[in-house]
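Containing compact mmCIF, C-alpha atoms: input-v1.txt.
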```txt
# COMPACT_ATOMS: atom_id res chain seq x y z
CA MET A 23 106.77 47.21 38.21
CA SER A 24 104.06 46.65 35.65
CA GLY A 25 104.23 47.02 31.92
CA LEU A 26 101.90 49.63 30.47
CA VAL A 27 100.07 49.31 27.20
CA ILE A 28 99.71 52.52 25.27
CA LYS A 29 97.79 53.29 22.11
CA PHE A 30 98.61 56.33 20.04
CA GLU A 31 98.82 57.66 16.51
CA LEU A 32 102.29 57.39 15.00
CA ASN A 33 102.99 59.00 11.65
CA GLY A 34 99.33 58.82 10.71
CA SER A 35 98.70 55.21 11.69
CA SER A 36 97.50 53.62 14.92
CA ALA A 37 100.23 52.20 17.05
CA LYS A 38 100.36 50.18 20.24
CA ALA A 39 103.22 49.40 22.59
CA ASP A 40 103.78 47.52 25.83
CA ILE A 41 106.37 49.48 27.75
CA ALA A 42 107.99 49.94 31.13
CA PRO A 43 107.02 53.17 32.93
CA GLU A 44 110.55 54.56 32.69
CA MET A 45 110.84 54.16 28.93
CA LEU A 46 111.38 57.46 27.17
CA LEU A 47 109.51 58.36 24.00
CA LEU A 48 112.84 58.62 22.17
CA ASP A 49 113.86 55.10 23.13
CA MET A 50 110.45 53.67 22.28
CA LEU A 51 110.57 55.23 18.81
CA ARG A 52 114.09 54.00 18.12
CA GLU A 53 113.94 50.56 19.71
CA ARG A 54 110.33 49.45 19.39
CA PHE A 55 109.41 51.08 16.12
CA ALA A 56 112.83 51.17 14.46
CA LEU A 57 112.36 54.88 13.78
CA THR A 58 115.93 55.93 14.22
CA GLY A 59 115.59 59.39 12.68
CA ALA A 60 115.27 60.95 16.12
CA LYS A 61 118.73 60.88 17.67
CA LYS A 62 119.97 60.74 21.24
CA GLY A 63 122.33 63.71 21.34
CA CYS A 64 122.45 64.81 24.96
CA GLY A 65 119.56 63.11 26.73
CA GLN A 66 118.83 66.37 28.56
CA GLY A 67 116.78 68.47 26.19
CA GLU A 68 119.70 70.72 25.32
CA CYS A 69 120.55 69.76 21.73
CA GLY A 70 117.25 69.06 19.96
CA ALA A 71 118.54 66.06 18.01
CA CYS A 72 115.61 64.06 19.41
CA THR A 73 112.92 66.52 18.34
CA VAL A 74 109.59 65.06 17.22
CA ILE A 75 106.13 66.60 16.90
CA LEU A 76 103.68 65.69 19.65
CA ASP A 77 100.09 66.87 19.22
CA GLY A 78 101.28 69.56 16.83
CA LYS A 79 104.15 70.87 18.94
CA ALA A 80 107.88 70.28 18.65
CA VAL A 81 109.18 68.52 21.75
CA ASN A 82 112.37 66.85 22.92
CA SER A 83 111.44 63.17 22.87
CA CYS A 84 114.18 62.51 25.43
CA LEU A 85 112.11 64.46 27.95
CA VAL A 86 108.79 62.69 27.39
CA LEU A 87 107.93 59.37 28.99
CA ALA A 88 106.57 56.98 26.36
CA ALA A 89 103.57 56.43 28.63
CA GLN A 90 102.65 60.09 28.26
CA VAL A 91 101.88 59.75 24.53
CA ASP A 92 98.95 57.43 25.17
CA GLY A 93 96.08 58.86 23.12
CA CYS A 94 98.32 61.41 21.40
CA LYS A 95 99.60 62.07 17.88
CA VAL A 96 103.29 61.63 17.28
CA THR A 97 105.07 62.57 14.07
CA THR A 98 108.69 61.74 13.39
CA ILE A 99 110.92 62.59 10.40
CA GLU A 100 109.91 59.27 8.89
CA GLY A 101 106.34 60.54 8.85
CA LEU A 102 107.09 63.42 6.53
CA GLY A 103 106.67 63.04 2.82
CA LYS A 104 104.19 60.74 1.18
CA ASP A 105 104.16 57.95 -1.39
CA GLY A 106 107.88 58.18 -1.89
CA MET A 107 107.83 61.96 -2.36
CA LEU A 108 109.83 64.07 0.05
CA ASP A 109 108.28 66.84 2.09
CA PRO A 110 109.18 70.30 0.68
CA LEU A 111 111.31 70.88 3.77
CA GLN A 112 113.31 67.73 3.12
CA GLU A 113 113.77 68.71 -0.54
CA ALA A 114 114.89 72.16 0.46
CA PHE A 115 117.44 70.85 2.96
CA LEU A 116 118.94 68.70 0.20
CA CYS A 117 118.89 71.41 -2.46
CA GLU A 118 120.36 74.07 -0.20
CA GLY A 119 123.14 71.85 1.12
CA ALA A 120 121.83 72.20 4.66
CA VAL A 121 122.92 68.66 5.56
CA GLN A 122 126.52 67.72 6.40
CA CYS A 123 126.88 64.90 8.90
CA GLY A 124 123.10 64.70 9.08
CA TYR A 125 122.91 64.07 12.80
CA CYS A 126 120.98 67.24 13.67
CA THR A 127 118.93 67.13 10.50
CA PRO A 128 115.84 65.15 11.53
CA GLY A 129 115.45 67.29 14.66
CA MET A 130 116.00 70.51 12.68
CA ILE A 131 113.42 69.54 10.11
CA MET A 132 110.85 68.60 12.74
CA SER A 133 111.31 71.94 14.52
CA ALA A 134 110.94 73.72 11.19
CA LYS A 135 107.94 71.59 10.28
CA ALA A 136 106.24 72.46 13.56
CA LEU A 137 106.82 76.14 12.77
CA LEU A 138 105.43 75.91 9.25
CA MET A 139 102.37 74.07 10.52
CA GLN A 140 101.54 77.13 12.65
CA ASN A 141 103.06 79.85 10.50
CA PRO A 142 103.44 79.04 6.81
CA ASP A 143 105.28 82.27 6.01
CA PRO A 144 107.78 82.98 8.76
CA THR A 145 110.39 85.70 8.83
CA PRO A 146 114.07 84.70 9.07
CA GLU A 147 113.96 85.75 12.72
CA GLU A 148 111.00 83.48 13.36
CA ILE A 149 112.81 80.61 11.66
CA LYS A 150 115.88 81.16 13.82
CA GLY A 151 113.65 81.21 16.87
CA ALA A 152 111.98 77.96 15.86
CA VAL A 153 115.30 76.10 15.51
CA SER A 154 116.95 77.83 18.48
CA GLY A 155 116.64 74.57 20.41
CA ASN A 156 118.50 72.59 17.76
CA LEU A 157 122.29 72.55 17.74
CA CYS A 158 124.33 71.93 14.60
CA ARG A 159 128.08 71.45 14.78
CA CYS A 160 128.70 71.32 11.04
CA THR A 161 126.85 73.82 8.92
CA GLY A 162 126.99 77.14 10.74
CA TYR A 163 123.17 77.28 10.42
CA LYS A 164 123.01 79.66 7.41
CA LYS A 165 122.01 77.02 4.90
CA ILE A 166 119.54 75.53 7.34
CA ILE A 167 117.75 78.88 7.65
CA ARG A 168 117.88 79.31 3.89
CA ALA A 169 116.42 75.85 3.39
CA VAL A 170 113.47 76.60 5.64
CA GLU A 171 112.87 79.87 3.78
CA ALA A 172 113.05 78.02 0.48
CA ALA A 173 110.43 75.55 1.67
CA THR A 174 107.86 78.26 2.34
CA MET B 20 115.73 54.34 36.90
CA SER B 21 112.60 52.34 37.63
CA PHE B 22 109.41 53.43 39.34
CA ASN B 23 105.64 53.04 39.49
CA LEU B 24 103.85 55.46 37.23
CA GLU B 25 100.42 56.77 38.12
CA ARG B 26 98.42 58.74 35.56
CA PRO B 27 95.38 60.12 37.39
CA ARG B 28 92.57 61.16 35.08
CA ASP B 29 91.36 64.07 37.17
CA LEU B 30 92.40 66.32 40.03
CA GLU B 31 90.39 64.38 42.60
CA GLU B 32 92.20 61.17 41.71
CA ALA B 33 95.55 62.97 41.70
CA LEU B 34 95.01 64.42 45.17
CA SER B 35 93.93 61.05 46.51
CA LEU B 36 97.20 59.56 45.21
CA MET B 37 99.12 62.45 46.75
CA SER B 38 97.62 61.60 50.14
CA CYS B 39 99.15 58.14 50.15
CA ALA B 40 101.95 57.81 52.66
CA ASP B 41 104.63 56.92 50.08
CA GLU B 42 107.40 59.39 50.80
CA ARG B 43 109.40 58.74 47.68
CA LYS B 44 106.85 60.14 45.28
CA ARG B 45 107.37 62.86 42.74
CA VAL B 46 104.97 64.86 40.66
CA LEU B 47 105.57 64.99 36.91
CA ALA B 48 104.24 67.91 34.90
CA GLY B 49 106.17 68.92 31.74
CA GLY B 50 109.13 66.74 32.61
CA THR B 51 111.77 69.22 31.49
CA ASP B 52 113.32 69.42 34.98
CA LEU B 53 112.28 66.07 36.39
CA ILE B 54 113.37 63.73 33.61
CA PRO B 55 116.99 64.95 33.36
CA ARG B 56 117.23 64.52 37.13
CA LEU B 57 115.87 60.98 36.92
CA ARG B 58 118.42 60.17 34.25
CA ASN B 59 121.39 61.62 36.11
CA ARG B 60 120.19 59.78 39.19
CA SER B 61 119.91 62.84 41.38
CA MET B 62 116.47 61.57 42.38
CA HIS B 63 115.14 58.04 42.97
CA PRO B 64 111.38 58.14 43.36
CA GLN B 65 109.38 55.02 44.00
CA THR B 66 106.29 56.52 42.42
CA ILE B 67 105.80 59.22 39.82
CA ILE B 68 102.42 60.89 39.60
CA ASP B 69 102.00 62.22 36.09
CA LEU B 70 99.63 65.18 35.91
CA SER B 71 99.57 65.44 32.12
CA LEU B 72 95.96 64.20 31.92
CA LEU B 73 94.84 67.10 34.12
CA LYS B 74 95.31 69.73 31.41
CA ARG B 75 91.59 70.34 31.17
CA GLU B 76 91.41 71.34 34.82
CA LEU B 77 94.82 72.86 35.41
CA SER B 78 95.84 74.50 32.14
CA PHE B 79 94.06 77.82 31.74
CA ILE B 80 94.56 81.58 31.64
CA SER B 81 91.63 83.49 33.03
CA LEU B 82 91.22 87.22 33.57
CA ASP B 83 88.07 87.67 35.55
CA GLU B 84 86.92 90.81 37.35
CA GLY B 85 90.42 92.15 37.57
CA THR B 86 92.11 89.00 38.89
CA LEU B 87 94.39 86.94 36.68
CA ARG B 88 94.51 83.22 37.34
CA ILE B 89 96.88 80.87 35.55
CA GLY B 90 96.59 77.10 35.87
CA ALA B 91 99.72 75.40 37.13
CA LEU B 92 99.93 73.12 34.08
CA THR B 93 99.90 76.01 31.60
CA THR B 94 103.03 75.75 29.48
CA HIS B 95 105.57 78.53 28.95
CA ASP B 96 104.57 78.57 25.29
CA ASP B 97 100.88 79.01 26.12
CA ILE B 98 101.73 81.86 28.46
CA SER B 99 104.17 83.66 26.19
CA SER B 100 101.80 83.53 23.23
CA SER B 101 98.67 84.53 25.15
CA ASP B 102 97.28 87.96 24.29
CA VAL B 103 95.70 88.17 27.73
CA ILE B 104 99.12 87.72 29.34
CA LYS B 105 100.92 90.01 26.89
CA ASN B 106 98.43 92.78 27.56
CA SER B 107 97.96 92.41 31.28
CA VAL B 108 101.29 91.17 32.65
CA PRO B 109 103.88 91.58 29.88
CA VAL B 110 106.79 90.76 32.22
CA LEU B 111 105.50 87.20 32.49
CA ALA B 112 105.11 86.80 28.73
CA GLN B 113 108.69 88.01 28.29
CA ALA B 114 110.01 85.63 30.94
CA CYS B 115 108.21 82.56 29.62
CA LYS B 116 109.38 83.42 26.10
CA VAL B 117 113.04 82.96 27.07
CA VAL B 118 112.82 79.73 29.04
CA GLY B 119 114.97 77.06 27.40
CA SER B 120 114.01 76.49 23.80
CA PRO B 121 110.78 76.08 21.81
CA GLN B 122 110.76 72.36 22.60
CA ILE B 123 111.19 73.02 26.32
CA ARG B 124 108.55 75.77 26.30
CA ASN B 125 106.06 73.43 24.65
CA ARG B 126 106.29 71.03 27.60
CA GLY B 127 107.54 72.97 30.62
CA THR B 128 104.83 74.36 32.88
CA VAL B 129 104.68 77.46 35.04
CA GLY B 130 103.73 75.36 38.09
CA GLY B 131 106.72 73.12 37.47
CA ASN B 132 109.04 76.13 37.19
CA ILE B 133 107.84 77.29 40.60
CA ALA B 134 107.83 73.90 42.32
CA ASN B 135 111.30 73.10 41.00
CA ALA B 136 112.44 76.19 42.94
CA SER B 137 115.58 76.79 40.97
CA PRO B 138 117.36 80.01 41.99
CA VAL B 139 117.32 80.94 38.31
CA GLY B 140 113.68 80.10 37.50
CA ASP B 141 112.54 82.64 34.91
CA ALA B 142 108.77 82.40 35.37
CA ALA B 143 109.21 82.37 39.15
CA THR B 144 111.32 85.54 39.05
CA ALA B 145 108.77 87.37 36.91
CA LEU B 146 105.92 86.20 39.15
CA LEU B 147 107.77 87.53 42.17
CA ALA B 148 107.77 91.01 40.60
CA LEU B 149 104.02 90.49 40.11
CA GLU B 150 103.47 89.63 43.79
CA ALA B 151 101.88 86.38 42.71
CA ARG B 152 100.08 84.08 45.09
CA LEU B 153 99.74 80.33 44.70
CA GLN B 154 96.82 78.09 45.40
CA LEU B 155 98.00 74.81 46.89
CA VAL B 156 95.55 71.95 46.99
CA SER B 157 95.45 68.63 48.77
CA GLU B 158 92.71 66.07 49.31
CA GLY B 159 89.83 67.99 50.88
CA SER B 160 91.74 71.19 51.44
CA ALA B 161 93.22 74.25 49.79
CA ARG B 162 95.39 77.14 50.92
CA ASP B 163 96.70 80.31 49.43
CA VAL B 164 100.32 81.44 49.90
CA LYS B 165 102.52 84.26 48.67
CA LEU B 166 105.06 83.07 46.12
CA GLU B 167 107.72 85.01 48.03
CA GLU B 168 107.12 82.88 51.12
CA PHE B 169 106.72 79.66 49.15
CA LEU B 170 110.22 79.71 47.66
CA VAL B 171 112.64 78.96 50.46
CA GLY B 172 115.94 78.01 48.82
CA PRO B 173 117.45 76.00 45.96
CA GLY B 174 114.99 73.19 45.29
CA LYS B 175 113.11 73.97 48.52
CA THR B 176 109.56 75.14 48.93
CA THR B 177 106.89 75.08 51.61
CA LEU B 178 104.84 72.57 49.60
CA ALA B 179 103.55 69.76 51.81
CA SER B 180 104.05 66.19 50.63
CA ASN B 181 100.35 65.76 49.86
CA GLU B 182 99.95 69.07 48.01
CA ILE B 183 100.23 70.28 44.47
CA ILE B 184 100.15 73.80 43.07
CA SER B 185 96.85 74.23 41.26
CA GLU B 186 97.00 77.83 40.14
CA ILE B 187 98.88 81.10 40.23
CA ILE B 188 96.97 84.25 41.09
CA ILE B 189 98.08 87.74 40.18
CA PRO B 190 96.50 90.57 42.13
CA SER B 191 94.51 93.23 40.35
CA CYS B 192 96.92 96.05 41.15
CA LEU B 193 99.52 94.37 38.94
CA ILE B 194 97.23 93.76 35.98
CA SER B 195 98.03 96.22 33.19
CA SER B 196 101.41 96.80 34.74
CA LYS B 197 104.26 97.70 32.46
CA GLY B 198 107.02 95.16 32.68
CA SER B 199 110.44 94.09 31.51
CA PHE B 200 112.29 90.81 31.92
CA LYS B 201 115.98 90.69 31.18
CA LYS B 202 117.97 87.49 31.17
CA LEU B 203 121.71 87.34 30.75
CA GLY B 204 123.36 84.25 29.38
CA ASN B 205 126.23 83.15 27.23
CA ARG B 206 124.15 82.45 24.13
CA ASN B 207 120.78 83.18 22.60
CA ALA B 208 118.75 80.17 23.67
CA LEU B 209 118.82 77.22 26.06
CA ILE B 210 120.18 79.68 28.62
CA ILE B 211 120.35 79.06 32.31
CA ALA B 212 120.47 82.64 33.50
CA ILE B 213 123.70 84.09 34.79
CA ALA B 214 121.60 86.97 36.08
CA SER B 215 118.04 88.08 35.45
CA VAL B 216 115.83 90.99 36.43
CA ALA B 217 112.05 91.25 36.34
CA THR B 218 110.68 94.75 36.73
CA THR B 219 107.08 95.92 36.89
CA VAL B 220 105.57 99.37 37.16
CA ASP B 221 101.97 99.40 38.28
CA CYS B 222 99.24 101.89 37.41
CA ARG B 223 100.31 104.10 40.33
CA GLY B 224 103.92 104.18 39.15
CA LYS B 225 105.14 101.87 41.91
CA CYS B 226 108.14 99.73 40.89
CA ARG B 227 108.68 96.16 41.87
CA ILE B 228 111.95 94.47 41.00
CA ALA B 229 112.93 90.82 41.34
CA PHE B 230 116.34 89.30 40.69
CA GLY B 231 116.96 85.75 39.51
CA ALA B 232 120.21 83.76 39.65
CA LEU B 233 121.58 86.24 42.17
CA ALA B 234 120.65 84.54 45.45
CA PRO B 235 119.60 81.09 46.69
CA ARG B 236 116.12 81.92 45.41
CA PRO B 237 114.61 84.67 43.26
CA VAL B 238 114.46 87.79 45.47
CA ARG B 239 112.83 91.18 45.55
CA ALA B 240 115.22 94.12 45.48
CA SER B 241 113.52 95.73 48.49
CA ALA B 242 116.10 98.41 49.19
CA LEU B 243 116.10 99.51 45.54
CA GLU B 244 112.30 99.55 45.50
CA LYS B 245 112.21 101.69 48.65
CA ALA B 246 114.71 104.13 47.17
CA LEU B 247 112.64 104.42 43.99
CA ASN B 248 109.13 104.35 45.43
CA GLU B 249 109.37 106.02 48.83
CA GLU B 250 112.46 108.18 48.65
CA ARG B 251 111.79 109.00 44.98
CA ILE B 252 115.51 108.88 44.14
CA ARG B 253 116.23 108.91 40.43
CA ASP B 254 119.99 109.36 40.49
CA TRP B 255 121.51 106.04 39.43
CA ASN B 256 124.76 106.71 41.25
CA ARG B 257 122.79 106.72 44.48
CA LEU B 258 120.38 103.96 43.50
CA ARG B 259 122.95 101.39 42.44
CA ASN B 260 124.27 100.95 45.98
CA SER B 261 120.85 99.88 47.18
CA ILE B 262 121.12 96.75 45.03
CA TRP B 263 123.96 95.12 46.95
CA PRO B 264 122.02 94.20 50.11
CA SER B 265 119.43 92.27 48.07
CA VAL B 266 121.76 90.01 46.14
CA LYS B 267 123.96 87.16 47.35
CA PRO B 268 125.35 85.62 44.19
CA ILE B 269 127.71 82.70 44.09
CA SER B 270 130.58 81.89 41.76
CA ASP B 271 129.87 78.78 39.71
CA VAL B 272 130.62 77.29 36.29
CA ARG B 273 128.60 79.99 34.58
CA ALA B 274 129.97 83.16 36.16
CA SER B 275 131.74 84.67 39.14
CA ALA B 276 129.91 86.37 42.00
CA GLU B 277 131.67 89.65 41.13
CA TYR B 278 130.46 89.53 37.54
CA ARG B 279 126.95 88.71 38.65
CA LYS B 280 126.88 91.65 41.06
CA GLN B 281 127.96 93.93 38.25
CA MET B 282 125.35 92.51 35.91
CA ALA B 283 122.61 92.93 38.52
CA VAL B 284 123.36 96.65 38.46
CA ASN B 285 123.50 96.90 34.67
CA LEU B 286 120.36 94.87 34.02
CA ALA B 287 118.42 96.86 36.61
CA TYR B 288 119.56 100.11 35.00
CA MET B 289 118.54 98.94 31.52
CA SER B 290 115.14 97.83 32.78
CA LEU B 291 114.39 101.06 34.62
CA VAL B 292 115.38 103.16 31.61
CA GLU B 293 113.31 100.97 29.28
CA LEU B 294 110.25 101.40 31.47
CA GLY B 295 110.69 105.14 31.71
CA VAL B 296 111.43 105.16 35.42
CA LEU B 297 114.88 106.58 34.83
CA GLU B 298 115.91 108.98 32.14
CA TYR B 299 118.45 107.66 29.67
CA ASP B 300 121.74 109.36 30.35
CA LYS B 301 124.44 108.69 27.78
CA ASP B 302 127.27 109.34 30.22
CA MET B 303 125.68 107.18 32.90
CA ALA B 304 125.15 104.38 30.41
CA ARG B 305 128.80 104.56 29.44
CA THR B 306 129.85 104.31 33.06
CA VAL B 307 127.49 101.45 33.69
CA PHE B 308 128.46 99.42 30.70
CA PHE B 309 132.06 100.16 29.93
CA HIS B 310 133.67 101.05 33.18
CA GLY B 311 131.60 99.34 35.78
CA GLU B 312 132.63 99.49 39.38
CA ASN B 313 133.84 96.97 41.87
CA GLY B 314 130.84 95.38 43.50
CA LYS B 315 130.63 96.06 47.18
```
Please express the file's structure as structure tokens.
Amino acid sequence: MSGLVIKFELNGSSAKADIAPEMLLLDMLRERFALTGAKKGCGQGECGACTVILDGKAVNSCLVLAAQVDGCKVTTIEGLGKDGMLDPLQEAFLCEGAVQCGYCTPGMIMSAKALLMQNPDPTPEEIKGAVSGNLCRCTGYKKIIRAVEAAT
Amino acid sequence: MSFNLERPRDLEEALSLMSCADERKRVLAGGTDLIPRLRNRSMHPQTIIDLSLLKRELSFISLDEGTLRIGALTTHDDISSSDVIKNSVPVLAQACKVVGSPQIRNRGTVGGNIANASPVGDAATALLALEARLQLVSEGSARDVKLEEFLVGPGKTTLASNEIISEIIIPSCLISSKGSFKKLGNRNALIIAIASVATTVDCRGKCRIAFGALAPRPVRASALEKALNEERIRDWNRLRNSIWPSVKPISDVRASAEYRKQMAVNLAYMSLVELGVLEYDKDMARTVFFHGENGK
């Protein structure tokens, strides 16, 4: 079983990793790059806590082999915001009180970010659709939707 | 889980790898079905052949001289947001729109949905109501099969060990069909269907109806179709009985067989009314939805 070397863009910078074929993108991000924003909630693509943006689309990083991101662009929650300034989505989540335990939050924000990248002015229904793959056990979702609306 | 990973750069290379004798090989497309199964150890491949570099060749939607061809690696998101699909085969756009979640739809492919051969496969059910054919390719050879004959049972297809699905073909008589896909689940997203119905009405008014999650594989409701198309029956009280022979639901964690039988009837009624095949009858709707009947 050989190690594979992959090269990809991670949060705007070039990255390289030497990985086993079975390594998942989620595990590579957390263990090799110490980017622990993406969380392992279910490991089956059913909770969205591991959501990152891959080539412009929100994906469950627990369902992507690390090897598959060779040559691709990956953005995690840590890649939002710039020079110490938070992304408007992150600000909005804080201002609206859309964060309680915080476990779903990175995944929620990445799903919302992927939406806003395609559709900067979504309807509430479109926002709900965009985060329909992200489960939250704390907030009841209302403030999350409001936060995404506030960020537009 | 540990395996060899092959990432062929083009179809020719992929098919050459597929021809190798290694029996414990699996094809990886979007990964939304395969990776959970690797993790829960319900499969132990020696080699995984990742097709994700073949997007250029196998991800496409092409409407050409009245035939619609969809590449096997086209994602559910690509299909559900395609104007070509929405205009020509709306039932498929509707089905792909309700698979899983946005994250799943961004990765999961229509070819994967078919090859996975789940009894509840949404895209597969819609494609059945579109009388889709599949092109299967192997090194040096290709063949064309009906989707209906390809899907044999839960997780079982007639795919040979050296073949992959390259494209899905929808015949011209089903282009510009009206269509409706209804999926019943216990929440609004990430639903594995309890029951689903795909209905199409072609330009001659002929109805085709496929049920998902109601048998070991998605099935056509042949008796119901015959009653609608040949016998021209429009009385739901008579039509509903023709559904029972087509469905063979099981009781499982999601629902009982009895409930599923009842839902098959209700979803079919809703679809046929929505598509204008049946007239909306307030009293009938009340009977269908609030009283139901014991499934026979």
**Message:** Contacts from chain A to chain B, 12 Å maximum, all atoms listed in the file: show me the residue list as a PyMOL selection string.
**Reply:** chain A and resi 23-26+41-47+64-94+129-130+132-134+136-137+148-157
**Item:** Who sits within 6 Å of Ala169 of chain A, all atoms listed in the file, same chain under 6 positions skipped, as a PyMOL selection string
**Value:** chain A and resi 114-115+118
For the selection just defined, write its residues with C-alpha atoms to a file, as a short mmCIF file (atom, residue, chain, number, x, y, z; two decimals), in the frame of the given file.
```cif
data_model
loop_
_atom_site.label_atom_id
_atom_site.label_comp_id
_atom_site.auth_asym_id
_atom_site.auth_seq_id
_atom_site.Cartn_x
_atom_site.Cartn_y
_atom_site.Cartn_z
CA ALA A 114 114.89 72.16 0.46
CA PHE A 115 117.44 70.85 2.96
CA GLU A 118 120.36 74.07 -0.20
#
```
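With atom CA of Ala214 of chain B on one side and atom CA of Ala232 of chain B on the other, the separation reads 5.0 Å.
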**Prompt:** Near segment 97-108 of chain B, counting all atoms listed in the file, which residues have an atom at most 8 Å away, once you skip same-chain residues fewer than 5 positions from it, shown as JSON, numbers by chain?
**Reply:** {"B": [80, 82, 113, 114, 115, 116, 125, 149, 193, 194, 195, 196, 197, 198]}
**Near-segment 170-174 of chain A list (7 Å; only C-alpha atoms; drop same-chain fewer than 4 positions) as a ChimeraX atom specification** = /A:110-111,114,134,142-143,166
Put those residues in a file: C-alpha atoms, as a compact mmCIF listing (two decimals), in the frame of the given file.
```
# COMPACT_ATOMS: atom_id res chain seq x y z
CA PRO A 110 109.18 70.30 0.68
CA LEU A 111 111.31 70.88 3.77
CA ALA A 114 114.89 72.16 0.46
CA ALA A 134 110.94 73.72 11.19
CA PRO A 142 103.44 79.04 6.81
CA ASP A 143 105.28 82.27 6.01
CA ILE A 166 119.54 75.53 7.34
```
Here's a test: counting only C-alpha atoms, identify every protein, DNA and RNA residue with an atom at most 12 Å from (130.3, 86.5, 42.6) in the file's coordinate frame, and state them as a PDB file with C-alpha atoms, in the frame of the given file.
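Dumped to selection.pdb:
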```pdb
ATOM      1  CA  ILE B 213     123.700  84.090  34.790  1.00  0.00           C
ATOM      2  CA  ALA B 214     121.600  86.970  36.080  1.00  0.00           C
ATOM      3  CA  ALA B 232     120.210  83.760  39.650  1.00  0.00           C
ATOM      4  CA  LEU B 233     121.580  86.240  42.170  1.00  0.00           C
ATOM      5  CA  ALA B 234     120.650  84.540  45.450  1.00  0.00           C
ATOM      6  CA  TRP B 263     123.960  95.120  46.950  1.00  0.00           C
ATOM      7  CA  VAL B 266     121.760  90.010  46.140  1.00  0.00           C
ATOM      8  CA  LYS B 267     123.960  87.160  47.350  1.00  0.00           C
ATOM      9  CA  PRO B 268     125.350  85.620  44.190  1.00  0.00           C
ATOM     10  CA  ILE B 269     127.710  82.700  44.090  1.00  0.00           C
ATOM     11  CA  SER B 270     130.580  81.890  41.760  1.00  0.00           C
ATOM     12  CA  ASP B 271     129.870  78.780  39.710  1.00  0.00           C
ATOM     13  CA  VAL B 272     130.620  77.290  36.290  1.00  0.00           C
ATOM     14  CA  ARG B 273     128.600  79.990  34.580  1.00  0.00           C
ATOM     15  CA  ALA B 274     129.970  83.160  36.160  1.00  0.00           C
ATOM     16  CA  SER B 275     131.740  84.670  39.140  1.00  0.00           C
ATOM     17  CA  ALA B 276     129.910  86.370  42.000  1.00  0.00           C
ATOM     18  CA  GLU B 277     131.670  89.650  41.130  1.00  0.00           C
ATOM     19  CA  TYR B 278     130.460  89.530  37.540  1.00  0.00           C
ATOM     20  CA  ARG B 279     126.950  88.710  38.650  1.00  0.00           C
ATOM     21  CA  LYS B 280     126.880  91.650  41.060  1.00  0.00           C
ATOM     22  CA  GLN B 281     127.960  93.930  38.250  1.00  0.00           C
ATOM     23  CA  MET B 282     125.350  92.510  35.910  1.00  0.00           C
ATOM     24  CA  ALA B 283     122.610  92.930  38.520  1.00  0.00           C
ATOM     25  CA  ASN B 313     133.840  96.970  41.870  1.00  0.00           C
ATOM     26  CA  GLY B 314     130.840  95.380  43.500  1.00  0.00           C
ATOM     27  CA  LYS B 315     130.630  96.060  47.180  1.00  0.00           C
TER      28      LYS B 315
END
```
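Comparing the minimum interatomic distances between Gln112 of chain A and each of A:Val96, A:Ile131, A:Met50, A:Leu138, counting all atoms listed in the file, we find that A:Ile131 sits nearest.
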**Prompt:** Hey, can you check how far atom CA of Lys95 of chain A sits from atom CA of Asn141 of chain A?
**Reply:** 19.6 Å
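Contact shell of Ala246 of chain B at 7 Å (only C-alpha atoms; same-chain neighbours under 5 positions omitted): Arg251, Ile252 and Leu258 of chain B.
We find atom CA of Leu286 of chain B and atom CA of Lys201 of chain B to be spaced 6.7 Å apart.
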**Request:** Give as JSON, numbers by chain the set of residues within 9 Å of the point (124.6, 71.7, 5.5), where distances use the file's coordinates and only C-alpha atoms.
**Result:** {"A": [115, 116, 118, 119, 120, 121, 122, 123, 124, 127, 160, 161, 162, 163, 164, 165, 166]}
**Asked** Residues at most 9 Å from Val164 of chain B, counting only C-alpha atoms, excluding those fewer than 6 positions away in the same chain, as a PyMOL selection string?
**Response** chain B and resi 151-155
With 5 Å added on each side, what axis-aligned box encloses every listed atom of segment 120-132 of chain A? Give the centre and edge lengths in Å to one decimal, as AutoDock Vina command-line options.
```
--center_x 118.9 --center_y 68.1 --center_z 9.7 --size_x 26.0 --size_y 18.1 --size_z 20.0
```
